[in-house]
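A.B. asks: Below is data.json; it holds JSON, C-alpha atoms.
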```json
[["chain", "number", "residue", "atom", "x", "y", "z"],
["A", 27, "MET", "CA", 0.00, 0.00, 0.00],
["A", 28, "LYS", "CA", 1.34, 3.42, -0.95],
["A", 29, "LYS", "CA", 2.33, 5.53, 2.05],
["A", 30, "GLN", "CA", 0.40, 8.76, 2.36],
["A", 31, "SER", "CA", 1.82, 12.18, 3.20],
["A", 32, "ASN", "CA", 1.38, 13.58, 6.72],
["A", 33, "LEU", "CA", -0.99, 16.22, 5.33],
["A", 34, "ASN", "CA", -3.23, 13.58, 3.76],
["A", 35, "LEU", "CA", -3.14, 11.50, 6.93],
["A", 36, "TRP", "CA", -4.31, 14.41, 9.08],
["A", 37, "ALA", "CA", -6.94, 15.35, 6.50],
["A", 38, "LEU", "CA", -8.39, 11.85, 6.92],
["A", 39, "ALA", "CA", -8.04, 11.95, 10.71],
["A", 40, "VAL", "CA", -9.98, 15.21, 11.14],
["A", 41, "LYS", "CA", -12.37, 14.58, 8.21],
["A", 42, "THR", "CA", -11.72, 17.69, 6.11],
["A", 43, "GLY", "CA", -14.58, 16.83, 3.74],
["A", 44, "ILE", "CA", -17.06, 17.09, 6.61],
["A", 45, "ILE", "CA", -15.44, 20.36, 7.73],
["A", 46, "LYS", "CA", -15.91, 21.93, 4.29],
["A", 47, "SER", "CA", -19.50, 20.76, 3.88],
["A", 48, "ASN", "CA", -20.46, 22.00, 7.37],
["A", 49, "LEU", "CA", -18.93, 25.44, 6.86],
["A", 50, "ILE", "CA", -21.44, 26.19, 4.08],
["A", 51, "PRO", "CA", -24.55, 26.15, 6.35],
["A", 52, "MET", "CA", -22.50, 27.89, 9.07],
["A", 53, "VAL", "CA", -21.72, 30.80, 6.72],
["A", 54, "ALA", "CA", -25.37, 30.80, 5.56],
["A", 55, "GLY", "CA", -26.55, 31.19, 9.16],
["A", 56, "LEU", "CA", -24.02, 33.94, 9.80],
["A", 57, "MET", "CA", -24.86, 35.91, 6.66],
["A", 58, "LEU", "CA", -28.60, 35.56, 7.15],
["A", 59, "ALA", "CA", -28.26, 36.84, 10.73],
["A", 60, "LEU", "CA", -26.27, 39.87, 9.52],
["A", 61, "TYR", "CA", -29.01, 40.65, 6.99],
["A", 62, "THR", "CA", -31.94, 39.92, 9.34],
["A", 63, "TYR", "CA", -30.67, 42.24, 12.08],
["A", 64, "GLU", "CA", -29.24, 44.79, 9.57],
["A", 65, "LEU", "CA", -25.72, 44.43, 10.96],
["A", 66, "SER", "CA", -22.60, 45.68, 9.22],
["A", 67, "PHE", "CA", -20.32, 43.08, 7.64],
["A", 68, "GLY", "CA", -17.27, 45.28, 8.27],
["A", 69, "ASP", "CA", -18.08, 45.85, 11.94],
["A", 70, "ASN", "CA", -18.38, 42.10, 12.47],
["A", 71, "ILE", "CA", -15.31, 40.98, 10.56],
["A", 72, "LEU", "CA", -13.54, 39.67, 13.70],
["A", 73, "ASN", "CA", -16.63, 37.68, 14.70],
["A", 74, "ILE", "CA", -16.87, 36.26, 11.17],
["A", 75, "PHE", "CA", -13.19, 35.30, 11.12],
["A", 76, "CYS", "CA", -13.40, 33.65, 14.57],
["A", 77, "ALA", "CA", -16.64, 31.87, 13.65],
["A", 78, "ILE", "CA", -15.17, 30.29, 10.51],
["A", 79, "LEU", "CA", -11.90, 29.17, 12.13],
["A", 80, "GLY", "CA", -13.57, 28.17, 15.39],
["A", 81, "THR", "CA", -16.25, 26.10, 13.68],
["A", 82, "ALA", "CA", -13.66, 24.36, 11.50],
["A", 83, "ALA", "CA", -11.59, 23.54, 14.60],
["A", 84, "VAL", "CA", -14.45, 22.05, 16.65],
["A", 85, "ILE", "CA", -15.64, 19.96, 13.69],
["A", 86, "ALA", "CA", -12.06, 18.72, 13.20],
["A", 87, "ALA", "CA", -11.93, 17.82, 16.90],
["A", 88, "ALA", "CA", -15.20, 15.89, 16.67],
["A", 89, "GLY", "CA", -13.95, 14.01, 13.61],
["A", 90, "SER", "CA", -10.70, 13.01, 15.29],
["A", 91, "PHE", "CA", -12.51, 11.78, 18.43],
["A", 92, "ASN", "CA", -14.92, 9.79, 16.25],
["A", 93, "ASN", "CA", -12.08, 8.17, 14.32],
["A", 94, "LEU", "CA", -10.31, 7.24, 17.55],
["A", 95, "TYR", "CA", -13.35, 5.62, 19.12],
["A", 96, "ASP", "CA", -14.44, 3.77, 15.97],
["A", 97, "ARG", "CA", -11.12, 2.09, 15.16],
["A", 98, "ASP", "CA", -12.47, -1.38, 15.98],
["A", 99, "ILE", "CA", -15.36, -1.12, 13.51],
["A", 100, "ASP", "CA", -13.51, 0.96, 10.91],
["A", 101, "VAL", "CA", -11.02, -1.88, 10.40],
["A", 102, "VAL", "CA", -13.72, -4.23, 9.05],
["A", 103, "MET", "CA", -15.34, -1.74, 6.66],
["A", 104, "GLN", "CA", -14.00, -1.32, 3.14],
["A", 105, "ARG", "CA", -14.53, 2.44, 3.05],
["A", 106, "THR", "CA", -12.83, 3.14, 6.40],
["A", 107, "LYS", "CA", -10.15, 0.44, 6.78],
["A", 108, "ASN", "CA", -7.41, 2.73, 5.40],
["A", 109, "ARG", "CA", -7.97, 5.55, 7.89],
["A", 110, "PRO", "CA", -4.65, 6.41, 9.58],
["A", 111, "THR", "CA", -6.18, 5.75, 13.00],
["A", 112, "VAL", "CA", -6.83, 2.17, 11.80],
["A", 113, "THR", "CA", -3.55, 1.53, 9.96],
["A", 114, "GLY", "CA", -1.45, 2.94, 12.80],
["A", 115, "GLU", "CA", 0.12, 5.62, 10.61],
["A", 116, "LEU", "CA", -0.99, 8.12, 13.26],
["A", 117, "SER", "CA", -0.67, 7.13, 16.91],
["A", 118, "PRO", "CA", -3.88, 7.21, 18.97],
["A", 119, "LYS", "CA", -2.23, 9.35, 21.66],
["A", 120, "LEU", "CA", -1.15, 11.96, 19.11],
["A", 121, "VAL", "CA", -4.62, 12.07, 17.52],
["A", 122, "LEU", "CA", -6.17, 12.45, 20.97],
["A", 123, "VAL", "CA", -3.83, 15.33, 21.89],
["A", 124, "VAL", "CA", -4.48, 17.07, 18.57],
["A", 125, "GLY", "CA", -8.24, 16.54, 18.96],
["A", 126, "ILE", "CA", -8.29, 18.04, 22.46],
["A", 127, "SER", "CA", -6.12, 20.94, 21.29],
["A", 128, "LEU", "CA", -8.44, 21.62, 18.35],
["A", 129, "LEU", "CA", -11.46, 21.54, 20.66],
["A", 130, "ILE", "CA", -9.91, 24.06, 23.07],
["A", 131, "ILE", "CA", -8.77, 26.34, 20.22],
["A", 132, "GLY", "CA", -12.16, 26.11, 18.49],
["A", 133, "ILE", "CA", -14.17, 26.89, 21.62],
["A", 134, "ALA", "CA", -11.83, 29.79, 22.45],
["A", 135, "LEU", "CA", -12.14, 31.27, 18.95],
["A", 136, "LEU", "CA", -15.93, 30.97, 19.03],
["A", 137, "ALA", "CA", -15.94, 32.63, 22.48],
["A", 138, "LEU", "CA", -14.14, 35.61, 20.93],
["A", 139, "ALA", "CA", -17.19, 35.94, 18.67],
["A", 140, "THR", "CA", -19.86, 35.33, 21.34],
["A", 141, "PRO", "CA", -20.19, 33.04, 24.38],
["A", 142, "LEU", "CA", -23.36, 31.56, 22.84],
["A", 143, "ALA", "CA", -21.49, 30.53, 19.68],
["A", 144, "SER", "CA", -18.85, 28.90, 21.87],
["A", 145, "PHE", "CA", -21.48, 27.01, 23.88],
["A", 146, "LEU", "CA", -23.20, 25.78, 20.70],
["A", 147, "GLY", "CA", -19.82, 24.66, 19.32],
["A", 148, "PHE", "CA", -19.18, 22.62, 22.46],
["A", 149, "LEU", "CA", -22.71, 21.15, 22.29],
["A", 150, "GLY", "CA", -22.12, 20.10, 18.69],
["A", 151, "VAL", "CA", -18.96, 18.18, 19.61],
["A", 152, "PHE", "CA", -20.60, 16.66, 22.70],
["A", 153, "PHE", "CA", -23.63, 15.37, 20.79],
["A", 154, "TYR", "CA", -21.44, 13.92, 18.04],
["A", 155, "VAL", "CA", -19.02, 12.16, 20.37],
["A", 156, "VAL", "CA", -21.16, 10.98, 23.31],
["A", 157, "PRO", "CA", -24.84, 10.42, 22.36],
["A", 158, "TYR", "CA", -23.99, 9.51, 18.74],
["A", 159, "THR", "CA", -20.53, 7.88, 18.47],
["A", 160, "MET", "CA", -20.28, 6.31, 21.92],
["A", 161, "TRP", "CA", -23.91, 5.43, 22.55],
["A", 162, "THR", "CA", -26.46, 5.17, 19.72],
["A", 163, "LYS", "CA", -24.32, 4.42, 16.64],
["A", 164, "ARG", "CA", -23.81, 0.78, 17.66],
["A", 165, "ARG", "CA", -27.10, 0.24, 19.49],
["A", 166, "THR", "CA", -30.11, 1.59, 17.59],
["A", 167, "ILE", "CA", -31.51, 2.30, 14.12],
["A", 168, "TRP", "CA", -32.20, 5.84, 15.37],
["A", 169, "ASN", "CA", -28.47, 6.65, 15.44],
["A", 170, "THR", "CA", -28.84, 8.88, 12.36],
["A", 171, "GLU", "CA", -31.48, 11.00, 14.08],
["A", 172, "VAL", "CA", -29.29, 11.44, 17.17],
["A", 173, "GLY", "CA", -26.25, 12.31, 15.05],
["A", 174, "SER", "CA", -28.27, 14.84, 13.07],
["A", 175, "ILE", "CA", -28.46, 17.14, 16.12],
["A", 176, "SER", "CA", -24.73, 17.81, 16.08],
["A", 177, "GLY", "CA", -24.72, 17.97, 12.28],
["A", 178, "ALA", "CA", -27.31, 20.77, 12.39],
["A", 179, "MET", "CA", -25.37, 22.97, 14.82],
["A", 180, "PRO", "CA", -23.24, 24.93, 12.27],
["A", 181, "PRO", "CA", -25.99, 27.33, 11.06],
["A", 182, "LEU", "CA", -26.91, 28.11, 14.68],
["A", 183, "ILE", "CA", -23.22, 28.70, 15.50],
["A", 184, "GLY", "CA", -22.94, 31.09, 12.55],
["A", 185, "TRP", "CA", -26.14, 32.89, 13.55],
["A", 186, "ALA", "CA", -25.06, 33.17, 17.21],
["A", 187, "ALA", "CA", -21.64, 34.52, 16.23],
["A", 188, "VAL", "CA", -23.15, 37.85, 15.16],
["A", 189, "ALA", "CA", -26.80, 37.95, 16.33],
["A", 190, "PRO", "CA", -28.13, 38.87, 19.80],
["A", 191, "ASP", "CA", -30.01, 35.54, 20.11],
["A", 192, "ILE", "CA", -31.02, 32.43, 18.13],
["A", 193, "TRP", "CA", -34.81, 32.65, 18.48],
["A", 194, "HIS", "CA", -35.67, 34.01, 15.04],
["A", 195, "PRO", "CA", -37.70, 31.47, 12.96],
["A", 196, "ALA", "CA", -35.17, 31.73, 10.10],
["A", 197, "ALA", "CA", -32.36, 30.50, 12.37],
["A", 198, "TRP", "CA", -34.41, 27.45, 13.29],
["A", 199, "ALA", "CA", -35.42, 26.94, 9.66],
["A", 200, "LEU", "CA", -31.72, 26.49, 8.84],
["A", 201, "PHE", "CA", -31.19, 24.21, 11.84],
["A", 202, "ILE", "CA", -34.20, 21.99, 11.11],
["A", 203, "ILE", "CA", -33.47, 21.83, 7.36],
["A", 204, "VAL", "CA", -29.93, 20.57, 8.04],
["A", 205, "MET", "CA", -31.20, 18.15, 10.69],
["A", 206, "ILE", "CA", -33.88, 16.61, 8.44],
["A", 207, "TRP", "CA", -31.62, 16.72, 5.35],
["A", 208, "GLN", "CA", -29.21, 14.35, 7.03],
["A", 209, "MET", "CA", -31.71, 11.48, 7.18],
["A", 210, "PRO", "CA", -32.30, 10.93, 3.42],
["A", 211, "HIS", "CA", -28.62, 11.77, 2.85],
["A", 212, "PHE", "CA", -27.29, 9.16, 5.29],
["A", 213, "TYR", "CA", -29.99, 6.60, 4.47],
["A", 214, "ALA", "CA", -28.71, 6.72, 0.88],
["A", 215, "ILE", "CA", -25.15, 6.16, 2.13],
["A", 216, "ALA", "CA", -26.38, 3.31, 4.35],
["A", 217, "ILE", "CA", -27.91, 1.52, 1.35],
["A", 218, "ARG", "CA", -24.81, 2.12, -0.79],
["A", 219, "LYS", "CA", -22.56, 0.75, 1.98],
["A", 220, "LYS", "CA", -25.03, -1.75, 3.43],
["A", 221, "ASP", "CA", -22.56, -4.65, 3.33],
["A", 222, "ASP", "CA", -19.93, -2.61, 5.18],
["A", 223, "TYR", "CA", -22.32, -1.68, 7.97],
["A", 224, "ALA", "CA", -23.58, -5.25, 8.24],
["A", 225, "ALA", "CA", -20.00, -6.56, 8.51],
["A", 226, "ALA", "CA", -19.28, -4.07, 11.30],
["A", 227, "ASN", "CA", -22.60, -4.92, 13.03],
["A", 228, "ILE", "CA", -23.75, -1.29, 12.91],
["A", 229, "PRO", "CA", -27.58, -1.14, 13.09],
["A", 230, "MET", "CA", -28.20, 1.20, 10.18],
["A", 231, "LEU", "CA", -31.83, 1.30, 9.07],
["A", 232, "PRO", "CA", -31.48, -0.70, 5.80],
["A", 233, "VAL", "CA", -29.36, -3.33, 7.55],
["A", 234, "VAL", "CA", -31.89, -3.95, 10.34],
["A", 235, "LYS", "CA", -35.25, -3.08, 8.76],
["A", 236, "GLY", "CA", -34.55, -3.44, 5.04],
["A", 237, "GLU", "CA", -34.58, -1.13, 2.04],
["A", 238, "ARG", "CA", -38.37, -0.73, 1.80],
["A", 239, "ARG", "CA", -38.58, 0.64, 5.37],
["A", 240, "THR", "CA", -35.66, 2.94, 4.56],
["A", 241, "TYR", "CA", -37.48, 4.20, 1.46],
["A", 242, "ILE", "CA", -40.68, 4.91, 3.42],
["A", 243, "GLN", "CA", -38.81, 6.70, 6.20],
["A", 244, "THR", "CA", -36.83, 8.71, 3.62],
["A", 245, "ASN", "CA", -40.06, 9.98, 2.06],
["A", 246, "ILE", "CA", -41.52, 10.90, 5.45],
["A", 247, "TYR", "CA", -38.46, 13.06, 6.14],
["A", 248, "LEU", "CA", -38.62, 14.60, 2.67],
["A", 249, "VAL", "CA", -42.23, 15.66, 3.30],
["A", 250, "LEU", "CA", -41.12, 17.18, 6.62],
["A", 251, "LEU", "CA", -38.28, 18.93, 4.79],
["A", 252, "ILE", "CA", -40.77, 20.54, 2.40],
["A", 253, "LEU", "CA", -42.98, 21.67, 5.31],
["A", 254, "THR", "CA", -39.95, 23.17, 7.07],
["A", 255, "SER", "CA", -39.60, 25.59, 4.15],
["A", 256, "PHE", "CA", -42.50, 27.62, 5.56],
["A", 257, "LEU", "CA", -40.31, 28.73, 8.47],
["A", 258, "PHE", "CA", -38.65, 31.05, 5.94],
["A", 259, "LEU", "CA", -41.95, 32.87, 5.32],
["A", 260, "PRO", "CA", -41.46, 35.63, 7.96],
["A", 261, "LEU", "CA", -38.21, 36.54, 6.21],
["A", 262, "SER", "CA", -38.52, 35.78, 2.51],
["A", 263, "LEU", "CA", -41.14, 34.42, 0.12],
["A", 264, "GLY", "CA", -38.38, 33.70, -2.39],
["A", 265, "LEU", "CA", -36.35, 31.51, 0.00],
["A", 266, "THR", "CA", -39.56, 29.70, 0.93],
["A", 267, "PHE", "CA", -40.32, 28.85, -2.70],
["A", 268, "VAL", "CA", -36.74, 27.76, -3.44],
["A", 269, "SER", "CA", -36.78, 25.44, -0.44],
["A", 270, "ILE", "CA", -40.19, 23.97, -1.35],
["A", 271, "ILE", "CA", -39.20, 23.37, -4.99],
["A", 272, "LEU", "CA", -35.87, 21.71, -4.08],
["A", 273, "GLY", "CA", -37.59, 19.47, -1.55],
["A", 274, "ALA", "CA", -40.39, 18.56, -3.96],
["A", 275, "ILE", "CA", -37.89, 17.57, -6.68],
["A", 276, "TRP", "CA", -36.09, 15.36, -4.17],
["A", 277, "LEU", "CA", -39.34, 13.65, -3.12],
["A", 278, "TRP", "CA", -40.35, 13.11, -6.76],
["A", 279, "MET", "CA", -36.91, 11.60, -7.51],
["A", 280, "SER", "CA", -37.25, 9.27, -4.54],
["A", 281, "ILE", "CA", -40.71, 7.99, -5.49],
["A", 282, "MET", "CA", -39.96, 7.60, -9.21],
["A", 283, "GLY", "CA", -36.56, 5.98, -8.69],
["A", 284, "TYR", "CA", -37.74, 3.49, -6.10],
["A", 285, "HIS", "CA", -40.77, 2.35, -8.10],
["A", 286, "LYS", "CA", -38.44, 1.56, -10.99],
["A", 287, "LYS", "CA", -36.78, -0.88, -8.55],
["A", 288, "GLU", "CA", -33.33, 0.54, -9.15],
["A", 289, "GLY", "CA", -31.96, -0.34, -5.68],
["A", 290, "LYS", "CA", -28.45, 1.01, -5.29],
["A", 291, "LYS", "CA", -28.86, 3.18, -8.37],
["A", 292, "TRP", "CA", -31.73, 4.88, -6.48],
["A", 293, "ALA", "CA", -29.45, 5.34, -3.46],
["A", 294, "ASN", "CA", -26.65, 6.79, -5.62],
["A", 295, "ARG", "CA", -29.01, 9.33, -7.19],
["A", 296, "MET", "CA", -30.49, 10.24, -3.82],
["A", 297, "PHE", "CA", -27.01, 10.77, -2.41],
["A", 298, "ALA", "CA", -25.92, 12.92, -5.36],
["A", 299, "TYR", "CA", -29.06, 15.05, -5.18],
["A", 300, "SER", "CA", -28.67, 15.50, -1.41],
["A", 301, "LEU", "CA", -25.31, 17.20, -2.03],
["A", 302, "PHE", "CA", -26.83, 19.39, -4.75],
["A", 303, "HIS", "CA", -29.74, 20.27, -2.45],
["A", 304, "MET", "CA", -27.40, 21.30, 0.37],
["A", 305, "MET", "CA", -25.16, 23.41, -1.89],
["A", 306, "PHE", "CA", -28.04, 25.08, -3.73],
["A", 307, "ILE", "CA", -30.27, 25.95, -0.81],
["A", 308, "PHE", "CA", -27.51, 27.32, 1.41],
["A", 309, "GLY", "CA", -25.79, 28.96, -1.53],
["A", 310, "THR", "CA", -29.10, 30.71, -2.26],
["A", 311, "VAL", "CA", -29.34, 31.84, 1.37],
["A", 312, "ILE", "CA", -25.79, 33.25, 1.26],
["A", 313, "ILE", "CA", -26.44, 35.10, -2.03],
["A", 314, "TYR", "CA", -29.82, 36.39, -0.80],
["A", 315, "ALA", "CA", -28.32, 37.71, 2.44],
["A", 316, "SER", "CA", -25.26, 39.18, 0.69],
["A", 317, "ILE", "CA", -27.41, 41.11, -1.80],
["A", 318, "GLY", "CA", -29.57, 42.34, 1.06],
["A", 319, "LEU", "CA", -26.51, 43.54, 2.98],
["A", 320, "ILE", "CA", -25.18, 45.38, -0.07],
["A", 321, "LEU", "CA", -28.54, 47.06, -0.66],
["A", 322, "ASN", "CA", -28.80, 48.02, 3.01],
["A", 323, "ASP", "CA", -25.37, 49.67, 2.84],
["A", 324, "HIS", "CA", -26.64, 51.85, 0.04]]
```
Could you render the structure as structure tokens?
C.D. replies:
Amino acid sequence: MKKQSNLNLWALAVKTGIIKSNLIPMVAGLMLALYTYELSFGDNILNIFCAILGTAAVIAAAGSFNNLYDRDIDVVMQRTKNRPTVTGELSPKLVLVVGISLLIIGIALLALATPLASFLGFLGVFFYVVPYTMWTKRRTIWNTEVGSISGAMPPLIGWAAVAPDIWHPAAWALFIIVMIWQMPHFYAIAIRKKDDYAAANIPMLPVVKGERRTYIQTNIYLVLLILTSFLFLPLSLGLTFVSIILGAIWLWMSIMGYHKKEGKKWANRMFAYSLFHMMFIFGTVIIYASIGLILNDH
């Protein structure tokens, strides 16, 4: 096996792909809060800088802790058996020290923005490591739902980094959209990697209850995702429509693809669309808020 560079090893250890994907909804929450409360981008530049770096650091910490704890199951799964925490290319003690350091740095940076952002950052790591990784992941089919709480924290962190509170409906629209989005996204992954999860004895929904139950539950969450769009109404009719349309397309794809009995092809398409959905909806929020900020400045 070809030896990887230290940079690549650490990228795998802290899960840089997850960091990048989670920063998008974090920035969306931050920008939407700036626009909603008519705050100046320039006056909040330090908060923005600290929020981005702090969020990246706490997500990296959570990823490293997860990799450390899951070494025994990662070794039997095809997609995870080459992680440096499994192969021994990075020592567990070093990964633990780096993870703790990243957590402290991340929480400190978020605290420089606001104490609430720091607290939410800590909560995100806690929910990912303890209730999800250490408790429910290996014990129940509802592990995805539990893990979705930590996965939905970034937009609230971004919002809290600049806003006086997190009680605006738009903030919770972002939170709930990310939380519900994760179910059809990870159910698709679970079907694609069903054999891996079965080998590791991880009770993912398609492994325990089968693909039909997974399909039904996916559609229930997609309907909920569409309904969540109405939380945008107090802020923007346009964002509401974009969210409804994107959710409706996803539901239509799910129903049509499954009835054609395409199995893993259905899961692959669902997974691909989930990434498009995430990028498009939060990209739209960022553009909408940015245009609003520019217009407010004039």
A.B. asks: Distance cut-off 12 Å, centre (-17.4, 39.2, 10.8) in file coordinates, counting all atoms listed in the file: which residues qualify? Return them as a PyMOL selection string.
C.D. replies: chain A and resi 53+56-57+59-60+65-79+136+138-140+184-189
A.B. asks: Between A:Ala216, A:Ala196, A:Leu33, A:Ile320, which has the minimum distance to Leu259 (chain A) (counting only C-alpha atoms)?
C.D. replies: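 With only C-alpha atoms as the atom set, the closest residue is A:Ala196.
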A.B. asks: Of the candidates A:Ile281, A:Ile206, A:Ala225, A:Met230, which one gets nearest to Ile242 (chain A) if we count all atoms listed in the file?
C.D. replies: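 Closest to Ile242 (chain A), using all atoms listed in the file: A:Ile281.
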A.B. asks: What does the distance between CA of Asp221 (chain A) and CA of Met103 (chain A) come to in Å, to one decimal place?
C.D. replies: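 Spanning CA of Asp221 (chain A) to CA of Met103 (chain A) is a straight-line distance of 8.5 Å.
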A.B. asks: Skip Leu182 (chain A) itself and residues of its chain fewer than 4 positions away, then list as a list in words all residues within 7 Å of it, counting all atoms listed in the file.
C.D. replies: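 Once the nearby chain positions are removed, what remains is Gly55, Ala186, Ile192, Ala197 and Phe201 of chain A.
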A.B. asks: Write out all heavy atoms for region 312-320 of chain A, as a compact mmCIF listing (two decimals), keeping the file's coordinate frame.
C.D. replies:
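File result_34.txt, as written:
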```
# COMPACT_ATOMS: atom_id res chain seq x y z
N ILE A 312 -26.97 32.37 1.18
CA ILE A 312 -25.79 33.25 1.26
C ILE A 312 -25.90 34.39 0.25
O ILE A 312 -25.64 35.55 0.57
CB ILE A 312 -24.50 32.43 1.03
CG1 ILE A 312 -24.26 31.47 2.21
CG2 ILE A 312 -23.29 33.36 0.86
CD1 ILE A 312 -23.18 30.43 1.97
N ILE A 313 -26.30 34.07 -0.99
CA ILE A 313 -26.44 35.10 -2.03
C ILE A 313 -27.55 36.08 -1.66
O ILE A 313 -27.37 37.31 -1.77
CB ILE A 313 -26.73 34.44 -3.40
CG1 ILE A 313 -25.50 33.65 -3.88
CG2 ILE A 313 -27.13 35.49 -4.43
CD1 ILE A 313 -25.78 32.73 -5.05
N TYR A 314 -28.68 35.56 -1.20
CA TYR A 314 -29.82 36.39 -0.80
C TYR A 314 -29.41 37.37 0.29
O TYR A 314 -29.68 38.58 0.22
CB TYR A 314 -30.96 35.50 -0.32
CG TYR A 314 -32.08 36.23 0.38
CD1 TYR A 314 -33.09 36.87 -0.34
CD2 TYR A 314 -32.13 36.29 1.78
CE1 TYR A 314 -34.12 37.54 0.31
CE2 TYR A 314 -33.16 36.96 2.43
CZ TYR A 314 -34.15 37.58 1.70
OH TYR A 314 -35.15 38.25 2.34
N ALA A 315 -28.73 36.86 1.33
CA ALA A 315 -28.32 37.71 2.44
C ALA A 315 -27.25 38.72 2.02
O ALA A 315 -27.27 39.87 2.44
CB ALA A 315 -27.79 36.83 3.59
N SER A 316 -26.33 38.28 1.15
CA SER A 316 -25.26 39.18 0.69
C SER A 316 -25.82 40.34 -0.11
O SER A 316 -25.41 41.49 0.08
CB SER A 316 -24.25 38.39 -0.17
OG SER A 316 -23.67 37.34 0.57
N ILE A 317 -26.76 40.04 -1.01
CA ILE A 317 -27.41 41.11 -1.80
C ILE A 317 -28.16 42.06 -0.88
O ILE A 317 -28.08 43.29 -1.04
CB ILE A 317 -28.36 40.50 -2.87
CG1 ILE A 317 -27.56 39.75 -3.93
CG2 ILE A 317 -29.21 41.59 -3.51
CD1 ILE A 317 -28.40 38.95 -4.90
N GLY A 318 -28.85 41.50 0.10
CA GLY A 318 -29.57 42.34 1.06
C GLY A 318 -28.65 43.25 1.85
O GLY A 318 -28.97 44.42 2.08
N LEU A 319 -27.49 42.72 2.25
CA LEU A 319 -26.51 43.54 2.98
C LEU A 319 -25.97 44.68 2.11
O LEU A 319 -25.82 45.81 2.58
CB LEU A 319 -25.35 42.66 3.47
CG LEU A 319 -25.63 41.74 4.67
CD1 LEU A 319 -24.48 40.77 4.87
CD2 LEU A 319 -25.84 42.59 5.93
N ILE A 320 -25.69 44.35 0.85
CA ILE A 320 -25.18 45.38 -0.07
C ILE A 320 -26.22 46.49 -0.27
O ILE A 320 -25.89 47.68 -0.25
CB ILE A 320 -24.79 44.75 -1.43
CG1 ILE A 320 -23.58 43.84 -1.23
CG2 ILE A 320 -24.49 45.83 -2.47
CD1 ILE A 320 -23.28 42.93 -2.43
```
